[in-house]
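The data block below is input.txt; it holds compact mmCIF, C-alpha atoms.
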# COMPACT_ATOMS: atom_id res chain seq x y z
CA MET A 78 120.69 -61.67 52.89
CA ALA A 79 117.41 -59.87 53.19
CA ASP A 80 116.72 -60.64 49.58
CA GLU A 81 117.28 -64.29 50.14
CA GLU A 82 114.99 -64.33 53.07
CA LYS A 83 112.24 -62.72 51.15
CA LYS A 84 112.57 -65.28 48.45
CA GLU A 85 112.33 -68.01 51.03
CA VAL A 86 109.17 -66.52 52.38
CA THR A 87 107.44 -66.15 49.06
CA THR A 88 108.19 -69.69 48.07
CA ALA A 89 107.04 -70.90 51.43
CA GLU A 90 103.77 -69.04 51.32
CA GLU A 91 102.86 -70.70 48.04
CA ALA A 92 101.24 -69.17 45.04
CA PRO A 93 97.74 -68.32 46.32
CA ALA A 94 99.07 -66.19 49.13
CA ALA A 95 101.36 -64.26 46.86
CA ALA A 96 98.86 -63.95 44.07
CA PRO A 97 96.84 -60.86 45.05
CA ALA A 98 99.85 -58.60 45.39
CA SER A 99 103.23 -58.65 43.69
CA PRO A 100 105.66 -61.01 45.38
CA ALA A 101 107.94 -58.21 46.58
CA SER A 102 105.14 -56.31 48.31
CA PRO A 103 105.31 -55.71 52.06
CA ALA A 104 102.42 -58.09 52.54
CA ALA A 105 104.67 -61.12 52.46
CA PRO A 106 106.97 -60.23 55.36
CA ALA A 107 104.02 -58.96 57.36
CA ALA A 108 102.23 -62.25 56.98
CA ARG A 109 105.23 -64.21 58.14
CA PRO A 110 105.00 -63.90 61.93
CA TYR A 111 101.43 -65.00 61.82
CA GLY A 112 101.90 -67.95 59.58
CA ARG A 113 105.20 -69.16 60.97
CA GLY A 114 104.76 -67.90 64.49
CA PRO A 115 104.38 -71.14 66.41
CA GLY A 116 107.84 -72.22 65.39
CA GLY A 117 109.55 -69.52 67.40
CA PRO A 118 108.76 -69.12 71.09
CA GLY A 119 106.31 -71.99 71.25
CA GLY A 120 108.81 -74.46 70.00
CA ARG A 121 108.04 -77.85 68.65
CA ARG A 122 105.33 -79.86 70.24
CA PRO A 123 106.72 -82.84 72.07
CA GLY A 124 103.94 -85.13 71.03
CA GLY A 125 103.80 -83.92 67.47
CA PRO A 126 104.00 -86.23 64.53
CA GLY A 127 107.35 -87.94 64.51
CA GLY A 128 107.18 -88.96 60.92
CA ARG A 129 106.87 -85.53 59.41
CA PRO A 130 109.31 -85.27 56.58
CA GLY A 131 111.48 -82.19 56.69
CA GLY A 132 110.01 -80.92 59.92
CA ARG A 133 111.12 -77.58 61.19
CA GLY A 134 112.30 -78.87 64.54
CA GLU A 135 115.97 -78.90 63.58
CA GLY A 136 115.99 -75.26 62.57
CA GLY A 137 114.95 -73.93 66.00
CA PRO A 138 117.53 -71.34 66.93
CA ARG A 139 118.41 -70.44 63.38
CA LYS A 140 116.32 -67.52 62.42
CA PHE A 141 115.92 -67.33 58.70
CA PHE A 142 115.86 -70.90 57.61
CA ARG A 143 112.57 -72.62 57.70
CA ARG A 144 111.86 -75.41 55.41
CA LYS A 145 108.53 -75.62 53.73
CA LYS A 146 106.36 -78.17 55.41
CA VAL A 147 104.92 -80.71 53.04
CA CYS A 148 101.92 -82.91 53.29
CA LYS A 149 103.03 -86.43 54.18
CA PHE A 150 100.11 -87.96 52.35
CA CYS A 151 100.77 -86.07 49.14
CA VAL A 152 104.50 -86.75 49.19
CA GLU A 153 104.30 -90.43 49.97
CA LYS A 154 101.18 -90.88 47.87
CA ILE A 155 99.14 -92.40 50.65
CA ASP A 156 95.63 -92.50 49.25
CA ALA A 157 93.73 -94.35 51.90
CA ILE A 158 93.58 -92.90 55.37
CA ASN A 159 91.93 -95.73 57.18
CA TYR A 160 90.73 -95.80 60.75
CA LYS A 161 92.33 -99.21 61.24
CA ASP A 162 95.82 -97.94 60.47
CA VAL A 163 96.72 -96.94 64.00
CA ARG A 164 100.42 -96.55 63.30
CA LEU A 165 99.71 -93.91 60.69
CA LEU A 166 97.10 -92.04 62.69
CA GLN A 167 99.21 -92.02 65.80
CA GLN A 168 101.70 -89.72 64.11
CA PHE A 169 99.03 -87.07 63.94
CA VAL A 170 97.73 -87.08 67.48
CA ALA A 171 99.54 -85.40 70.32
CA GLU A 172 100.53 -87.15 73.51
CA ARG A 173 97.24 -86.41 75.17
CA GLY A 174 95.31 -87.73 72.22
CA LYS A 175 94.51 -84.45 70.54
CA ILE A 176 94.53 -84.12 66.79
CA VAL A 177 97.53 -82.03 65.77
CA PRO A 178 96.49 -79.02 63.67
CA ARG A 179 97.69 -78.86 60.13
CA ARG A 180 99.42 -75.59 60.85
CA LEU A 181 101.93 -77.70 62.77
CA THR A 182 102.05 -80.81 60.65
CA GLY A 183 101.84 -79.32 57.18
CA VAL A 184 99.16 -81.71 56.03
CA CYS A 185 97.08 -80.27 53.22
CA THR A 186 93.43 -79.44 53.81
CA PRO A 187 91.79 -82.34 51.95
CA HIS A 188 94.04 -84.84 53.67
CA GLN A 189 93.58 -83.27 57.08
CA ARG A 190 89.85 -83.62 56.60
CA ARG A 191 90.12 -87.33 55.88
CA LEU A 192 92.64 -87.75 58.65
CA THR A 193 90.35 -86.13 61.17
CA ALA A 194 87.46 -88.37 60.16
CA ALA A 195 89.66 -91.46 60.43
CA ILE A 196 90.98 -90.48 63.85
CA LYS A 197 87.48 -89.95 65.13
CA GLN A 198 86.39 -93.35 63.87
CA ALA A 199 89.41 -94.95 65.46
CA ARG A 200 88.53 -93.28 68.74
CA ASN A 201 85.05 -94.70 68.62
CA ILE A 202 86.29 -98.27 68.38
CA ALA A 203 88.92 -97.76 71.09
CA LEU A 204 91.90 -97.90 68.77
CA LEU A 205 92.87 -94.36 69.75
CA PRO A 206 92.15 -92.61 73.02
CA PHE A 207 89.77 -89.69 73.32
CA ALA A 208 92.02 -88.33 76.03
CA ALA A 209 95.14 -90.16 77.07
CA ARG A 210 95.86 -90.24 80.74
CA TYR A 211 99.23 -89.00 81.85
CA MET B 179 62.21 -101.15 44.12
CA PRO B 180 64.90 -103.19 45.81
CA GLN B 181 67.23 -101.38 48.11
CA GLN B 182 70.73 -100.70 47.00
CA GLN B 183 73.46 -103.05 48.11
CA ARG B 184 76.34 -101.30 49.77
CA THR B 185 79.58 -102.46 51.25
CA TYR B 186 80.13 -101.96 54.95
CA GLU B 187 82.79 -102.84 57.40
CA VAL B 188 81.49 -103.81 60.79
CA MET B 189 84.18 -103.89 63.41
CA PHE B 190 83.26 -105.17 66.81
CA ILE B 191 85.05 -106.04 70.01
CA VAL B 192 84.32 -109.21 71.93
CA ARG B 193 85.08 -109.30 75.62
CA PRO B 194 88.47 -110.83 76.31
CA ASP B 195 87.69 -113.15 79.21
CA LEU B 196 85.78 -115.70 77.14
CA PRO B 197 87.39 -119.00 76.18
CA GLU B 198 88.43 -119.45 72.56
CA GLU B 199 85.51 -121.58 71.43
CA GLU B 200 83.06 -119.24 73.13
CA THR B 201 84.50 -116.32 71.15
CA ASP B 202 84.15 -118.32 67.95
CA ARG B 203 80.53 -118.99 68.80
CA VAL B 204 79.87 -115.29 69.32
CA ILE B 205 81.44 -114.48 65.97
CA SER B 206 79.42 -117.08 64.11
CA THR B 207 76.27 -115.84 65.84
CA VAL B 208 76.95 -112.34 64.61
CA GLU B 209 77.62 -113.71 61.15
CA SER B 210 74.37 -115.60 61.02
CA SER B 211 72.43 -112.63 62.31
CA ALA B 212 73.99 -110.61 59.55
CA THR B 213 72.79 -113.05 56.92
CA THR B 214 69.32 -113.33 58.39
CA ALA B 215 69.08 -109.56 58.40
CA GLY B 216 69.50 -109.69 54.64
CA SER B 217 73.18 -109.16 53.95
CA THR B 218 75.92 -111.27 52.48
CA VAL B 219 79.09 -111.75 54.49
CA LYS B 220 82.14 -111.14 52.34
CA ASN B 221 84.91 -111.66 54.80
CA VAL B 222 85.50 -112.26 58.47
CA GLU B 223 88.82 -111.31 59.92
CA ARG B 224 89.91 -111.90 63.46
CA MET B 225 92.36 -109.22 64.33
CA GLY B 226 93.17 -110.85 67.63
CA LYS B 227 93.34 -109.55 71.12
CA ARG B 228 94.66 -106.07 71.52
CA ARG B 229 94.77 -103.38 74.07
CA LEU B 230 91.94 -100.86 74.16
CA ALA B 231 92.82 -97.19 74.15
CA TYR B 232 90.43 -96.65 77.04
CA LYS B 233 88.35 -98.75 79.38
CA VAL B 234 85.20 -100.24 77.94
CA ARG B 235 82.88 -101.96 80.39
CA LYS B 236 85.80 -102.29 82.75
CA PHE B 237 87.87 -104.17 80.20
CA HIS B 238 91.32 -103.09 79.10
CA ASP B 239 91.66 -105.56 76.25
CA GLY B 240 89.35 -106.89 73.62
CA VAL B 241 89.19 -109.32 70.73
CA TYR B 242 88.77 -107.30 67.56
CA VAL B 243 86.79 -108.77 64.71
CA LEU B 244 86.31 -107.19 61.32
CA LEU B 245 83.30 -108.18 59.27
CA THR B 246 82.94 -107.06 55.69
CA ILE B 247 79.38 -107.27 54.45
CA GLU B 248 77.31 -106.28 51.48
CA ALA B 249 73.94 -105.10 52.61
CA PRO B 250 71.12 -102.62 52.18
CA GLY B 251 70.79 -99.93 54.81
CA ASN B 252 68.01 -101.50 56.84
CA ALA B 253 69.97 -104.73 57.21
CA VAL B 254 72.76 -102.76 58.81
CA ALA B 255 70.33 -101.19 61.24
CA GLU B 256 69.08 -104.64 62.16
CA LEU B 257 72.59 -106.01 62.60
CA GLU B 258 73.52 -103.10 64.83
CA ARG B 259 70.47 -103.68 66.96
CA ARG B 260 71.49 -107.31 67.42
CA LEU B 261 75.05 -106.36 68.24
CA ARG B 262 73.74 -104.02 70.89
CA VAL B 263 71.84 -106.79 72.62
CA THR B 264 74.61 -109.35 72.27
CA GLU B 265 76.14 -109.38 75.69
CA PRO B 266 79.75 -110.40 74.88
CA VAL B 267 80.13 -107.71 72.24
CA ILE B 268 81.37 -104.67 74.10
CA LYS B 269 81.74 -102.23 71.23
CA TYR B 270 81.06 -102.02 67.51
CA ILE B 271 81.33 -99.59 64.65
CA THR B 272 79.93 -99.71 61.14
CA VAL B 273 81.69 -97.89 58.35
CA ARG B 274 80.48 -97.61 54.81
CA VAL B 275 83.40 -98.28 52.51
CA ASP B 276 82.09 -98.51 48.96
CA GLU B 277 82.36 -94.80 48.23
CA GLU B 278 85.90 -94.75 49.50
CA GLN B 279 86.82 -97.78 47.42
CA LYS B 280 85.38 -96.10 44.37
CA ARG B 281 87.41 -93.00 45.07
CA LEU B 282 90.59 -95.01 45.55
CA ALA B 283 90.04 -96.89 42.32
CA LYS B 284 89.65 -93.58 40.53
CA VAL B 285 92.82 -92.14 42.03
CA LYS B 286 94.69 -95.30 41.15
CA LYS B 287 93.51 -95.18 37.58
CA ILE B 288 94.65 -91.61 37.17
CA ARG B 289 97.98 -92.42 38.74
CA ASP B 290 98.51 -95.47 36.56
CA SER B 291 97.83 -93.51 33.40
CA LYS B 292 100.38 -90.95 34.53
CA VAL B 293 102.93 -93.66 35.21
CA ARG B 294 102.48 -95.00 31.74
CA GLN B 295 103.15 -91.59 30.25
CA ARG B 296 106.34 -90.99 32.18
CA PRO B 297 107.61 -94.28 33.55
CA GLN B 298 111.02 -92.94 34.50
CA THR B 299 109.92 -90.04 36.65
CA ALA B 300 107.48 -92.25 38.49
CA GLU B 301 110.21 -94.70 39.33
CA THR B 302 112.47 -92.07 40.83
CA ALA B 303 109.57 -90.64 42.78
CA THR B 304 108.72 -93.91 44.47
CA GLY B 305 112.34 -94.74 45.18
CA THR B 306 113.06 -91.74 47.37
CA GLU B 307 112.94 -91.49 51.13
CA PRO B 308 111.73 -94.46 53.09
CA GLU B 309 108.91 -93.75 55.48
CA PRO B 310 110.30 -92.28 58.70
CA VAL B 311 109.19 -94.39 61.59
CA PRO B 312 108.23 -92.56 64.79
CA ALA B 313 110.00 -93.57 67.96

I'd like the structure from this file rewritten - as structure tokens, please.
Amino acid sequence: MADEEKKEVTTAEEAPAAAPASPASPAAPAARPYGRGPGGPGGRRPGGPGGRPGGRGEGGPRKFFRRKKVCKFCVEKIDAINYKDVRLLQQFVAERGKIVPRRLTGVCTPHQRRLTAAIKQARNIALLPFAARY
Amino acid sequence: MPQQQRTYEVMFIVRPDLPEEETDRVISTVESSATTAGSTVKNVERMGKRRLAYKVRKFHDGVYVLLTIEAPGNAVAELERRLRVTEPVIKYITVRVDEEQKRLAKVKKIRDSKVRQRPQTAETATGTEPEPVPA
């Protein structure tokens, strides 16, 4: 069981994280609470992106199973992140209008960068709120 | 040396309480001021009336108009100045799109060449999982 878990972790952390040390080193389990922490006590954000494929929300109480989050834009091959595409951008802002961090959505860094720029443009032209009232 | 022509998208919002023909007049005025500023209008798209995400000049709705132009930088500055003084236009944004289009074309080219190499894998990849729609 423990072996399986470790395997899960190393695959989840991806190659760069595992590269400096050997995969079986204690570094991997130690890094886990930090990297995966928000999933536990914090729980899933209510206003998080609904359209995240394979989100971890279902696996809440189960301890050792966490699916690897994948970047929606890479998986679905969405090249253009346009400020006019409100439906798309809305999946990546929380209820109050905040941009959801990629640690929660699994979006890769280059895409998060474009996404952030697009959201900010959309805010400027009143397509998205700066701060939604509640 | 002539200035470089670049492609821009100018999106602006016209106040919603104007009658239809008045809105059309505003749009054509903006168009003509774009051409006099030294740009060529590629496309004008009325995106219709939609709700604003926040209040702008005490309005909750606005008529969105998207203008695609090809212009040198100083023409854009001039157009923005005119938009600012045009009373019925409550908000505008200018976005340069040519770099992005170039990038997309490049990505597409790479992708197409990959598809040609392995047509079968590409087909299975596109066929999986429809886009999950948020509630």

Q | Contact set, chain A to chain B: 10 Å, all atoms listed in the file, as a ChimeraX atom specification | A | /A:126-130,149,152-154,156-161,164-165,167-168,174,198-210

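Taking CA of Leu196 in chain B and CA of Arg259 in chain B as the two end points, the separation is 22.0 Å.
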
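Taking all atoms listed in the file, the non-local environment of His188 in chain A within 8 Å (same-chain residues fewer than 4 positions away omitted) comprises Phe150, Val184 and Leu192 of chain A.
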
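Distances from B:Gly226, B:Ser291, B:Val254, B:Asn221 to Val192 in chain B were compared using all atoms listed in the file, and the smallest one belongs to B:Gly226.
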
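Using only C-alpha atoms, the contacts of Thr207 in chain B at a cut-off of 10 Å, with sequence neighbours closer than 4 positions omitted, comprise Thr201, Asp202, Arg203, Ser211, Ala212, Thr213, Arg260, Leu261 and Thr264 of chain B.
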
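Of note, CA of Ile288 in chain B and CA of Ile155 in chain A are spaced 14.2 Å apart.
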
(Q) Taking (74.3, -109.2, 52.1) as a centre in this file's frame and 6 Å as the limit, can you find every polymer residue with an atom that close, using only C-alpha atoms, and give them as an MDAnalysis selection string? (A) chainID B and resid 216:219 247:249

Q. CA of Asp276 in chain B and CA of Gln189 in chain A, how far apart in Å?
A. 20.7 Å

With C-alpha atoms as the atom set, please write range 189-301 of chain B from the structure just given, as a compact mmCIF listing (two decimals), in the first residue's frame.
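Wrote selection.txt, looks like this:
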# COMPACT_ATOMS: atom_id res chain seq x y z
CA MET B 189 -13.86 47.37 -28.12
CA PHE B 190 -16.08 50.09 -26.82
CA ILE B 191 -19.36 50.33 -24.98
CA VAL B 192 -22.08 52.73 -26.01
CA ARG B 193 -24.59 53.84 -23.43
CA PRO B 194 -27.73 51.76 -23.55
CA ASP B 195 -30.43 54.42 -23.32
CA LEU B 196 -29.93 55.77 -26.83
CA PRO B 197 -32.37 54.90 -29.61
CA GLU B 198 -31.20 52.46 -32.26
CA GLU B 199 -30.41 54.97 -34.99
CA GLU B 200 -28.55 57.16 -32.51
CA THR B 201 -26.33 54.21 -31.58
CA ASP B 202 -25.66 53.57 -35.25
CA ARG B 203 -24.66 57.18 -35.67
CA VAL B 204 -22.22 56.94 -32.79
CA ILE B 205 -20.67 53.83 -34.28
CA SER B 206 -20.25 55.38 -37.71
CA THR B 207 -18.75 58.48 -36.10
CA VAL B 208 -16.17 56.35 -34.35
CA GLU B 209 -15.49 54.56 -37.62
CA SER B 210 -14.92 57.75 -39.52
CA SER B 211 -12.70 59.15 -36.81
CA ALA B 212 -10.68 55.97 -37.04
CA THR B 213 -10.17 56.44 -40.76
CA THR B 214 -9.34 60.12 -40.45
CA ALA B 215 -6.79 59.26 -37.80
CA GLY B 216 -5.01 57.18 -40.42
CA SER B 217 -6.22 53.63 -39.98
CA THR B 218 -8.21 51.23 -42.09
CA VAL B 219 -11.30 49.65 -40.59
CA LYS B 220 -11.32 45.92 -41.18
CA ASN B 221 -14.48 44.90 -39.46
CA VAL B 222 -17.21 46.29 -37.27
CA GLU B 223 -19.15 43.92 -35.12
CA ARG B 224 -22.06 44.84 -32.94
CA MET B 225 -22.10 42.44 -30.07
CA GLY B 226 -25.41 43.76 -28.85
CA LYS B 227 -26.60 44.89 -25.50
CA ARG B 228 -25.27 42.99 -22.56
CA ARG B 229 -25.00 43.34 -18.87
CA LEU B 230 -21.94 45.05 -17.44
CA ALA B 231 -20.03 43.28 -14.70
CA TYR B 232 -20.03 46.47 -12.68
CA LYS B 233 -21.59 49.90 -12.86
CA VAL B 234 -20.09 52.29 -15.37
CA ARG B 235 -21.34 55.87 -15.25
CA LYS B 236 -24.40 54.61 -13.44
CA PHE B 237 -25.28 52.21 -16.23
CA HIS B 238 -25.80 48.50 -15.71
CA ASP B 239 -25.98 47.57 -19.38
CA GLY B 240 -24.17 48.66 -22.47
CA VAL B 241 -24.05 48.12 -26.20
CA TYR B 242 -20.77 46.41 -27.01
CA VAL B 243 -19.10 47.15 -30.31
CA LEU B 244 -15.94 45.52 -31.59
CA LEU B 245 -13.87 47.36 -34.14
CA THR B 246 -10.97 45.68 -35.87
CA ILE B 247 -8.54 48.13 -37.39
CA GLU B 248 -5.17 48.20 -39.03
CA ALA B 249 -3.26 51.22 -37.90
CA PRO B 250 0.06 52.68 -36.85
CA GLY B 251 0.51 53.44 -33.18
CA ASN B 252 -0.16 57.17 -33.30
CA ALA B 253 -3.48 56.60 -35.06
CA VAL B 254 -4.57 54.46 -32.15
CA ALA B 255 -3.63 57.19 -29.72
CA GLU B 256 -5.70 59.64 -31.72
CA LEU B 257 -8.67 57.29 -31.88
CA GLU B 258 -8.53 56.73 -28.14
CA ARG B 259 -8.48 60.45 -27.53
CA ARG B 260 -11.61 60.84 -29.64
CA LEU B 261 -13.32 57.97 -27.89
CA ARG B 262 -12.59 59.65 -24.60
CA VAL B 263 -14.34 62.83 -25.64
CA THR B 264 -17.25 61.06 -27.31
CA GLU B 265 -19.97 61.39 -24.75
CA PRO B 266 -22.08 58.27 -25.51
CA VAL B 267 -19.08 55.96 -25.35
CA ILE B 268 -18.81 54.94 -21.73
CA LYS B 269 -15.84 52.60 -21.92
CA TYR B 270 -13.28 51.37 -24.42
CA ILE B 271 -10.27 49.12 -24.62
CA THR B 272 -7.66 48.68 -27.33
CA VAL B 273 -5.86 45.39 -27.70
CA ARG B 274 -3.09 44.68 -30.11
CA VAL B 275 -3.79 41.33 -31.75
CA ASP B 276 -1.27 40.83 -34.54
CA GLU B 277 1.38 39.23 -32.36
CA GLU B 278 -1.16 36.84 -30.94
CA GLN B 279 -2.44 35.95 -34.39
CA LYS B 280 1.10 35.25 -35.50
CA ARG B 281 1.64 33.01 -32.52
CA LEU B 282 -1.60 31.13 -33.16
CA ALA B 283 -0.73 30.61 -36.79
CA LYS B 284 2.60 29.17 -35.73
CA VAL B 285 1.03 26.81 -33.21
CA LYS B 286 -1.50 25.72 -35.79
CA LYS B 287 1.18 25.01 -38.33
CA ILE B 288 3.10 22.86 -35.91
CA ARG B 289 -0.04 21.03 -34.92
CA ASP B 290 -1.08 20.42 -38.51
CA SER B 291 2.30 18.97 -39.39
CA LYS B 292 1.98 16.63 -36.42
CA VAL B 293 -1.49 15.57 -37.50
CA ARG B 294 -0.19 14.71 -40.91
CA GLN B 295 2.48 12.49 -39.41
CA ARG B 296 0.13 10.56 -37.19
CA PRO B 297 -3.43 11.05 -38.40
CA GLN B 298 -4.88 8.26 -36.29
CA THR B 299 -3.63 9.38 -32.91
CA ALA B 300 -4.78 12.90 -33.58
CA GLU B 301 -8.27 11.70 -34.35
